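Participant: This one is my_file_31.cif, mmCIF, C-alpha atoms.
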```
data_my_file
loop_
_atom_site.label_atom_id
_atom_site.label_comp_id
_atom_site.auth_asym_id
_atom_site.auth_seq_id
_atom_site.Cartn_x
_atom_site.Cartn_y
_atom_site.Cartn_z
CA MET F 7 0.00 0.00 0.00
CA THR F 8 1.28 3.49 -0.84
CA SER F 9 3.14 5.44 1.85
CA GLU F 10 2.16 8.80 0.35
CA ARG F 11 1.29 11.50 2.90
CA TYR F 12 -2.46 11.89 2.62
CA PRO F 13 -4.41 14.55 4.54
CA VAL F 14 -5.64 13.37 7.94
CA VAL F 15 -9.09 14.23 9.23
CA LEU F 16 -9.10 14.53 13.03
CA VAL F 17 -12.37 13.89 14.89
CA HIS F 18 -12.51 14.48 18.65
CA GLY F 19 -14.76 12.76 21.18
CA TRP F 20 -17.69 13.57 23.49
CA LYS F 21 -17.34 16.67 25.72
CA SER F 22 -14.00 17.31 24.03
CA GLY F 23 -12.79 19.59 21.26
CA PRO F 24 -10.29 20.01 18.43
CA GLU F 25 -7.64 21.26 20.87
CA ILE F 26 -7.20 17.67 22.09
CA TRP F 27 -5.10 17.07 18.97
CA LYS F 28 -2.46 19.72 19.71
CA ASP F 29 0.36 17.23 20.38
CA LEU F 30 -0.56 14.98 17.46
CA ALA F 31 -0.86 18.00 15.16
CA GLY F 32 2.72 18.96 16.01
CA LYS F 33 3.91 15.47 15.07
CA LEU F 34 1.95 15.59 11.81
CA GLU F 35 3.55 18.92 10.94
CA ASP F 36 6.99 17.43 11.62
CA GLU F 37 6.15 14.66 9.13
CA SER F 38 4.72 17.12 6.55
CA ILE F 39 1.31 15.47 6.85
CA PRO F 40 -1.57 17.92 6.32
CA TYR F 41 -4.54 17.65 8.68
CA TRP F 42 -8.13 18.84 8.77
CA ASN F 43 -9.43 19.33 12.32
CA PHE F 44 -13.20 18.74 12.47
CA SER F 45 -15.12 20.13 15.43
CA PHE F 46 -18.64 19.33 16.62
CA THR F 47 -18.37 21.33 19.85
CA GLY F 48 -21.36 23.42 18.83
CA MET F 49 -23.52 20.35 18.21
CA GLU F 50 -23.70 18.91 21.75
CA LYS F 51 -27.50 18.76 21.54
CA SER F 52 -27.55 17.06 18.14
CA GLU F 53 -28.09 13.41 17.28
CA PRO F 54 -25.09 11.38 16.08
CA VAL F 55 -26.62 11.17 12.60
CA ALA F 56 -26.64 14.96 12.28
CA ILE F 57 -23.01 15.15 13.40
CA ALA F 58 -22.05 12.43 10.89
CA VAL F 59 -23.71 14.43 8.12
CA ALA F 60 -21.86 17.56 9.29
CA LEU F 61 -18.58 15.61 9.14
CA ARG F 62 -19.32 14.44 5.61
CA ASP F 63 -20.14 18.01 4.56
CA TYR F 64 -16.99 19.31 6.25
CA ILE F 65 -14.82 16.85 4.31
CA ARG F 66 -16.56 17.66 1.03
CA ASP F 67 -16.28 21.42 1.59
CA THR F 68 -12.60 21.12 2.49
CA ARG F 69 -11.93 19.03 -0.59
CA ARG F 70 -13.59 21.65 -2.82
CA ARG F 71 -11.77 24.52 -1.10
CA LEU F 72 -8.37 22.85 -1.53
CA GLY F 73 -9.12 21.20 -4.86
CA TYR F 74 -8.11 17.85 -3.38
CA TYR F 75 -10.07 14.71 -4.31
CA ASP F 76 -7.65 11.87 -3.54
CA TYR F 77 -7.48 9.62 -0.47
CA ILE F 78 -7.61 10.78 3.14
CA ASP F 79 -6.90 9.08 6.47
CA ILE F 80 -9.15 9.55 9.49
CA VAL F 81 -7.97 9.58 13.10
CA CYS F 82 -10.69 9.69 15.74
CA HIS F 83 -11.10 9.39 19.49
CA SER F 84 -13.90 7.81 21.53
CA THR F 85 -17.34 9.01 20.36
CA GLY F 86 -15.69 10.52 17.30
CA SER F 87 -15.10 6.97 16.05
CA PHE F 88 -18.82 6.22 16.28
CA ILE F 89 -19.57 9.37 14.27
CA VAL F 90 -16.95 8.44 11.67
CA ARG F 91 -18.16 4.87 11.30
CA TYR F 92 -21.75 6.02 10.86
CA MET F 93 -20.62 8.40 8.10
CA LEU F 94 -18.44 5.83 6.33
CA GLU F 95 -20.51 2.67 6.72
CA VAL F 96 -24.11 3.84 6.86
CA ILE F 97 -24.31 7.18 5.02
CA ASP F 98 -21.54 6.41 2.50
CA GLY F 99 -21.60 2.64 2.78
CA VAL F 100 -23.26 1.98 -0.59
CA SER F 101 -22.09 4.86 -2.80
CA ARG F 102 -18.58 4.94 -1.29
CA GLU F 103 -17.97 8.43 -2.59
CA GLU F 104 -15.44 9.17 0.15
CA LYS F 105 -11.96 7.90 -0.69
CA VAL F 106 -10.59 6.84 2.69
CA ARG F 107 -7.37 4.86 3.04
CA SER F 108 -7.45 4.19 6.78
CA PHE F 109 -9.59 4.54 9.89
CA ILE F 110 -7.53 4.84 13.10
CA GLY F 111 -9.68 4.76 16.23
CA ILE F 112 -8.20 5.71 19.61
CA GLY F 113 -10.23 4.17 22.42
CA PRO F 114 -13.10 3.93 19.94
CA GLU F 115 -16.71 3.28 20.87
CA SER F 116 -17.19 0.89 17.98
CA ASN F 117 -19.98 -1.36 19.25
CA GLY F 118 -22.00 1.09 21.26
CA SER F 119 -20.91 2.35 24.65
CA SER F 120 -21.25 0.50 27.94
CA MET F 121 -20.73 3.86 29.65
CA ALA F 122 -23.66 5.40 27.79
CA GLU F 123 -25.83 2.49 28.94
CA LEU F 124 -24.45 2.79 32.48
CA PHE F 125 -25.39 6.47 32.65
CA ASN F 126 -29.01 5.45 32.09
CA ASP F 127 -29.03 2.40 34.37
CA PRO F 128 -31.59 2.89 37.18
CA VAL F 129 -29.51 0.95 39.72
CA HIS F 130 -25.90 1.93 39.02
CA GLY F 131 -26.35 5.13 37.02
CA PRO F 132 -26.92 7.69 39.83
CA GLU F 133 -23.85 6.65 41.81
CA VAL F 134 -21.66 6.45 38.71
CA LEU F 135 -22.69 9.95 37.65
CA ARG F 136 -21.88 11.29 41.10
CA ASN F 137 -18.41 9.72 40.91
CA LEU F 138 -17.78 11.22 37.48
CA GLU F 139 -19.07 14.74 38.11
CA GLY F 140 -16.40 17.26 37.25
CA VAL F 141 -14.14 14.48 35.95
CA PHE F 142 -15.91 13.12 32.89
CA VAL F 143 -19.43 14.58 32.98
CA PRO F 144 -20.69 18.08 33.81
CA ARG F 145 -22.30 18.73 37.17
CA LYS F 146 -26.05 18.03 37.30
CA TYR F 147 -25.70 16.09 34.05
CA LYS F 148 -28.91 14.47 32.72
CA PRO F 149 -28.03 11.61 30.33
CA GLU F 150 -31.64 11.07 29.26
CA GLU F 151 -31.54 14.49 27.59
CA ASP F 152 -28.23 13.90 25.77
CA LEU F 153 -28.97 12.83 22.19
CA ILE F 154 -25.37 11.81 21.56
CA VAL F 155 -25.33 9.49 24.57
CA ARG F 156 -28.72 8.07 23.62
CA GLY F 157 -27.32 7.23 20.20
CA LEU F 158 -24.30 5.52 21.77
CA ARG F 159 -26.34 3.06 23.80
CA PRO F 160 -25.78 -0.50 22.49
CA GLY F 161 -29.40 -0.99 21.50
CA SER F 162 -29.86 2.37 19.77
CA PRO F 163 -31.12 2.55 16.17
CA GLU F 164 -27.82 4.19 15.13
CA ASN F 165 -25.76 1.37 16.61
CA MET F 166 -27.95 -1.24 14.97
CA GLU F 167 -27.44 0.47 11.61
CA ILE F 168 -23.65 0.35 12.01
CA ARG F 169 -23.78 -3.32 12.96
CA ALA F 170 -26.00 -4.13 9.98
CA SER F 171 -23.78 -2.21 7.55
CA GLY F 172 -20.48 -3.71 8.71
CA THR F 173 -17.00 -2.51 7.85
CA ARG F 174 -15.88 -1.49 4.37
CA ASP F 175 -13.39 -3.67 2.51
CA ASP F 176 -11.85 -0.60 0.86
CA ILE F 177 -10.72 0.88 4.19
CA MET F 178 -7.93 -0.29 6.49
CA TYR F 179 -9.17 -0.30 10.10
CA ARG F 180 -6.83 0.19 13.05
CA VAL F 181 -7.72 0.37 16.75
CA ILE F 182 -5.48 1.64 19.55
CA VAL F 183 -6.52 1.01 23.15
CA SER F 184 -4.89 0.89 26.55
CA SER F 185 -5.15 -1.64 29.35
CA ASN F 186 -4.66 -1.56 33.11
CA GLU F 187 -2.74 -4.82 33.31
CA GLU F 188 -1.13 -3.67 36.57
CA CYS F 189 -4.59 -3.31 38.18
CA CYS F 190 -3.50 0.15 39.32
CA PRO F 191 -6.31 2.15 41.03
CA VAL F 192 -4.90 5.56 40.04
CA PHE F 193 -5.17 4.60 36.36
CA PHE F 194 -8.76 5.93 36.52
CA PRO F 195 -9.56 6.75 40.17
CA PRO F 196 -13.38 7.08 39.92
CA PHE F 197 -13.60 3.32 39.23
CA SER F 198 -10.42 2.24 41.09
CA GLY F 199 -8.73 1.50 37.77
CA ARG F 200 -11.50 -0.66 36.37
CA THR F 201 -13.84 -0.22 33.39
CA TRP F 202 -17.55 -1.06 33.35
CA VAL F 203 -18.80 -3.56 30.76
CA PHE F 204 -22.40 -4.10 29.68
CA GLY F 205 -23.11 -7.72 28.71
CA GLU F 206 -25.38 -8.79 25.88
CA ASP F 207 -27.59 -10.46 28.49
CA GLY F 208 -28.04 -7.13 30.28
CA SER F 209 -25.60 -7.93 33.10
CA TRP F 210 -22.87 -5.65 34.43
CA ASP F 211 -19.23 -6.40 35.17
CA THR F 212 -15.98 -4.49 35.58
CA THR F 213 -12.62 -5.25 34.00
CA PHE F 214 -9.03 -4.06 33.90
CA ARG F 215 -9.05 -4.59 30.12
CA GLY F 216 -10.21 -1.11 29.31
CA GLU F 217 -9.30 2.55 29.66
CA GLY F 218 -11.57 3.46 32.57
CA VAL F 219 -14.31 4.69 30.23
CA VAL F 220 -14.33 2.31 27.25
CA ALA F 221 -13.78 -1.45 27.58
CA HIS F 222 -11.98 -3.40 24.89
CA VAL F 223 -15.16 -5.25 23.95
CA ASP F 224 -16.71 -1.88 23.09
CA SER F 225 -13.69 -0.86 21.00
CA PHE F 226 -12.68 -3.86 18.94
CA ILE F 227 -13.90 -4.02 15.34
CA PRO F 228 -14.02 -7.48 13.70
CA GLY F 229 -11.09 -7.78 11.30
CA ALA F 230 -9.41 -4.56 12.41
CA GLY F 231 -5.77 -4.43 13.38
CA ALA F 232 -5.33 -3.55 17.04
CA ASP F 233 -2.67 -2.38 19.47
CA ILE F 234 -2.86 -2.42 23.25
CA ILE F 235 -0.62 0.01 25.10
CA PRO F 236 1.61 0.29 26.97
CA LYS F 237 3.81 -2.20 25.18
CA ASP F 238 6.41 -1.76 27.93
CA ARG F 239 4.93 -1.95 31.44
CA GLU F 240 7.74 0.18 32.83
CA ARG F 241 6.31 3.12 30.89
CA PHE F 242 2.96 2.55 32.59
CA GLY F 243 4.54 2.77 36.03
CA SER F 244 5.90 6.26 35.37
CA GLY F 245 2.39 7.69 34.98
CA PRO F 246 -0.62 5.34 34.84
CA PHE F 247 -3.08 8.20 34.34
CA ARG F 248 -1.45 8.98 30.99
CA TYR F 249 -2.96 5.75 29.67
CA CYS F 250 -6.56 6.33 30.71
CA HIS F 251 -9.20 7.05 28.08
CA ILE F 252 -9.27 10.81 28.52
CA MET F 253 -5.52 11.15 28.02
CA LEU F 254 -5.02 8.80 25.06
CA PRO F 255 -5.00 11.46 22.28
CA LYS F 256 -2.10 13.15 24.12
CA ASN F 257 -0.23 9.94 24.95
CA LYS F 258 3.22 9.86 23.31
CA GLU F 259 3.03 6.13 22.63
CA VAL F 260 -0.33 6.54 20.90
CA ILE F 261 0.95 9.46 18.84
CA GLU F 262 4.01 7.49 17.75
CA ARG F 263 1.85 4.54 16.70
CA ILE F 264 -0.38 6.83 14.65
CA ARG F 265 2.70 8.32 12.99
CA GLU F 266 3.87 4.83 12.04
CA TYR F 267 0.52 3.91 10.50
CA LEU F 268 0.25 7.16 8.54
CA THR F 269 3.80 7.15 7.18
CA ASP F 270 3.92 3.40 6.52
CA PRO F 271 0.42 1.88 6.19
CA ASP F 272 1.98 -1.58 5.84
CA THR F 273 3.00 -1.39 9.51
CA GLU F 274 1.81 -4.59 11.18
CA PRO F 275 -0.55 -4.17 14.14
CA GLU F 276 -0.03 -6.16 17.33
CA PHE F 277 -2.95 -8.44 16.40
CA PHE F 278 -6.21 -8.55 14.47
CA CYS F 279 -9.58 -8.47 16.19
#
```
Please express the file's structure as C-alpha cells.
Facilitator:
Amino acid sequence: MTSERYPVVLVHGWKSGPEIWKDLAGKLEDESIPYWNFSFTGMEKSEPVAIAVALRDYIRDTRRRLGYYDYIDIVCHSTGSFIVRYMLEVIDGVSREEKVRSFIGIGPESNGSSMAELFNDPVHGPEVLRNLEGVFVPRKYKPEEDLIVRGLRPGSPENMEIRASGTRDDIMYRVIVSSNEECCPVFFPPFSGRTWVFGEDGSWDTTFRGEGVVAHVDSFIPGAGADIIPKDRERFGSGPFRYCHIMLPKNKEVIERIREYLTDPDTEPEFFC
C-alpha cells in the first residue's frame, strides 16, 4: 500500500474539542502530513446522525476549497469513532464516494458504549454519575436528555445500523486502546482502575481490560488491526493516568503509533480483532 502522505481528518470525542489534537498536530507537521481538524463542539445537543452528516459536509467542503479529491486518512477518538463509522458505513456505505485509506480509532466506541448504557441504568447510574461529576461529565448532568449518549447506547437505532452495515473492505481499520494490566487504582480513580462492561444479556461487570471509560469489547472491530498500550509496562509505572481514556489522544506512545501507521500503512498491528 502506498506510503504517500495523505491529509488526515481529526475527529474528537464527546465533551472534548479540536484542541485535544495539539500534540498529534505537532507530530503531523513534523512529518509534513496535512490535517483537517473537524469540530462538533457546537452540536452537543444534536443526534449522532446529524453530526455524521456535518462531518461528511466538512470533508466535502474542504476538498472543494483545496481542490483535493484523492485519499484521506481519518484519526478519531472515543465518540468521534462512532460518528466516523456512521458516516463511512451507513451514510456512504453503498455509494462509497469518500476515498478513505485508513480509519484509526483511539479508544473507539465501535460497538456502542457501555458507559452510555451505564449512565441510564436505574440501579448503578446515579452513583456512577456522582463519581464522574467534574471528571468526565458536567455537574447536574442528565443523560436522558443527551442525544449523543442516547445514540451511543448498544441498542440504539444508530448502533444497529452500524452493525447491519459492517465494515468497508476498501478501508484499512486500526484500533489503539490501553489496558490496566497492573490493576492500578490511580489509572482511573473514579472506578479504582476498572472499566464497566455491559453484557449482551443485560448484566454488568468491571474489567481491567479497558481505559476506565471504554472497555476493549466496546472498542474492537471485527477484522481490524489492534494495538494495546503500553507495550512496555515500565512506561505505565511512570504515569498510569497517561494511559486512561481521557488522556489517550495526548499519549506519546499513541501518537508514535499513529505516525507509524500514517507514514507506513503496511505497519503490522499487534494483532487482528
Participant: Which residue gives the smallest distance to F:Ala31 among F:Lys105, F:Val55, F:Pro149, F:Val81, with all atoms listed in the file counted?
Facilitator: F:Val81
Participant: As a PyMOL selection string, please: the residues near F:Ile110 (cut-off 10 Å, all atoms listed in the file, same-chain neighbours under 5 positions excluded).
Facilitator: chain F and resi 16+79-83+87+178-182+230-232+264+267-268
Participant: Kindly extract all protein, DNA and RNA residues lying within 12 Å of the coordinates (-21.3, 15.3, 4.4) given in the file, considering all atoms listed in the file, and supply them as a VMD selection string.
Facilitator: chain F and resid 44 55 to 69 89 to 90 92 to 94 97 to 98 103 to 104
Participant: Could you list, as an MDAnalysis selection string, every residue within 12 Å of F:Pro128, counting only C-alpha atoms and ignoring same-chain residues fewer than 6 positions away?
Facilitator: chainID F and resid 134:135 149:150
Participant: Restrict the selected residues to C-alpha atoms and save them as a PDB file, in the frame of the given file.
Facilitator:
```pdb
ATOM      1  CA  VAL F 134     -21.660   6.450  38.710  1.00  0.00           C
ATOM      2  CA  LEU F 135     -22.690   9.950  37.650  1.00  0.00           C
ATOM      3  CA  PRO F 149     -28.030  11.610  30.330  1.00  0.00           C
ATOM      4  CA  GLU F 150     -31.640  11.070  29.260  1.00  0.00           C
TER       5      GLU F 150
END
```
Participant: Which residue is closest to F:Val219? Choose from F:Val129, F:Met121, F:Ile154, F:Val100 and count all atoms listed in the file.
Facilitator: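 Result for the nearest residue to F:Val219: F:Met121.
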Participant: I'd like to know which of F:Arg215, F:Lys33, F:Arg11, F:Arg265 is closest to F:Asp76, using only C-alpha atoms.
Facilitator: F:Arg11
Participant: What is the distance between atom CA of F:Glu266 and atom CA of F:Phe109, in Å to one decimal?
Facilitator: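 According to the coordinates, atom CA of F:Glu266 and atom CA of F:Phe109 are separated by 13.6 Å.
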Participant: Using all atoms listed in the file, can you tell me which of F:Ile177, F:Leu158, F:Cys189, F:Leu254 comes closest to F:Phe88?
Facilitator: F:Leu158
Participant: Spell out the residues picked by the PyMOL selection byres ((chain F and resi 27) around 8) here, as JSON, numbers by chain.
Facilitator: {"F": [16, 18, 24, 25, 26, 28, 29, 30, 31, 255, 256]}
Participant: Starting from the PyMOL selection byres ((chain F and resi 239) around 12), expand the selection into actual residues of this file and give them as a VMD selection string.
Facilitator: chain F and resid 184 to 190 234 to 238 240 to 246 249
Participant: Generate the output file for the selected residues, C-alpha atoms, as a short mmCIF file (atom, residue, chain, number, x, y, z; two decimals), in the frame of the given file.
Facilitator:
```cif
data_model
loop_
_atom_site.label_atom_id
_atom_site.label_comp_id
_atom_site.auth_asym_id
_atom_site.auth_seq_id
_atom_site.Cartn_x
_atom_site.Cartn_y
_atom_site.Cartn_z
CA SER F 184 -4.89 0.89 26.55
CA SER F 185 -5.15 -1.64 29.35
CA ASN F 186 -4.66 -1.56 33.11
CA GLU F 187 -2.74 -4.82 33.31
CA GLU F 188 -1.13 -3.67 36.57
CA CYS F 189 -4.59 -3.31 38.18
CA CYS F 190 -3.50 0.15 39.32
CA ILE F 234 -2.86 -2.42 23.25
CA ILE F 235 -0.62 0.01 25.10
CA PRO F 236 1.61 0.29 26.97
CA LYS F 237 3.81 -2.20 25.18
CA ASP F 238 6.41 -1.76 27.93
CA GLU F 240 7.74 0.18 32.83
CA ARG F 241 6.31 3.12 30.89
CA PHE F 242 2.96 2.55 32.59
CA GLY F 243 4.54 2.77 36.03
CA SER F 244 5.90 6.26 35.37
CA GLY F 245 2.39 7.69 34.98
CA PRO F 246 -0.62 5.34 34.84
CA TYR F 249 -2.96 5.75 29.67
#
```
Participant: Which residue out of F:Val203, F:Met166, F:Leu72, F:Leu124 has the minimum interatomic distance to F:Val220 when only C-alpha atoms are used?
Facilitator: F:Val203
Participant: Mind giving me the straight-line distance from atom CA of F:Glu95 to atom CA of F:Arg174 in Å, one decimal?
Facilitator: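 For atom CA of F:Glu95 relative to atom CA of F:Arg174, the distance reads 6.7 Å.
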Participant: Pick out the residues sitting within 12 Å of F:Tyr147, and hand them over as a PyMOL selection string; count only C-alpha atoms, and ignore anything fewer than 3 positions along from it in its own chain.
Facilitator: chain F and resi 21+125-126+131-132+134-144+150-152+155
Participant: Just to be explicit: take each residue in the selection above, keep C-alpha atoms, and write the result as a compact mmCIF listing (two decimals), in the coordinates of the input.
Facilitator:
```txt
# COMPACT_ATOMS: atom_id res chain seq x y z
CA LYS F 21 -17.34 16.67 25.72
CA PHE F 125 -25.39 6.47 32.65
CA ASN F 126 -29.01 5.45 32.09
CA GLY F 131 -26.35 5.13 37.02
CA PRO F 132 -26.92 7.69 39.83
CA VAL F 134 -21.66 6.45 38.71
CA LEU F 135 -22.69 9.95 37.65
CA ARG F 136 -21.88 11.29 41.10
CA ASN F 137 -18.41 9.72 40.91
CA LEU F 138 -17.78 11.22 37.48
CA GLU F 139 -19.07 14.74 38.11
CA GLY F 140 -16.40 17.26 37.25
CA VAL F 141 -14.14 14.48 35.95
CA PHE F 142 -15.91 13.12 32.89
CA VAL F 143 -19.43 14.58 32.98
CA PRO F 144 -20.69 18.08 33.81
CA GLU F 150 -31.64 11.07 29.26
CA GLU F 151 -31.54 14.49 27.59
CA ASP F 152 -28.23 13.90 25.77
CA VAL F 155 -25.33 9.49 24.57
```
Participant: One decimal, in Å: what's the spacing between atom CA of F:Pro13 and atom CA of F:Asn117?
Facilitator: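 Pair atom CA of F:Pro13 / atom CA of F:Asn117 returns 26.7 Å.
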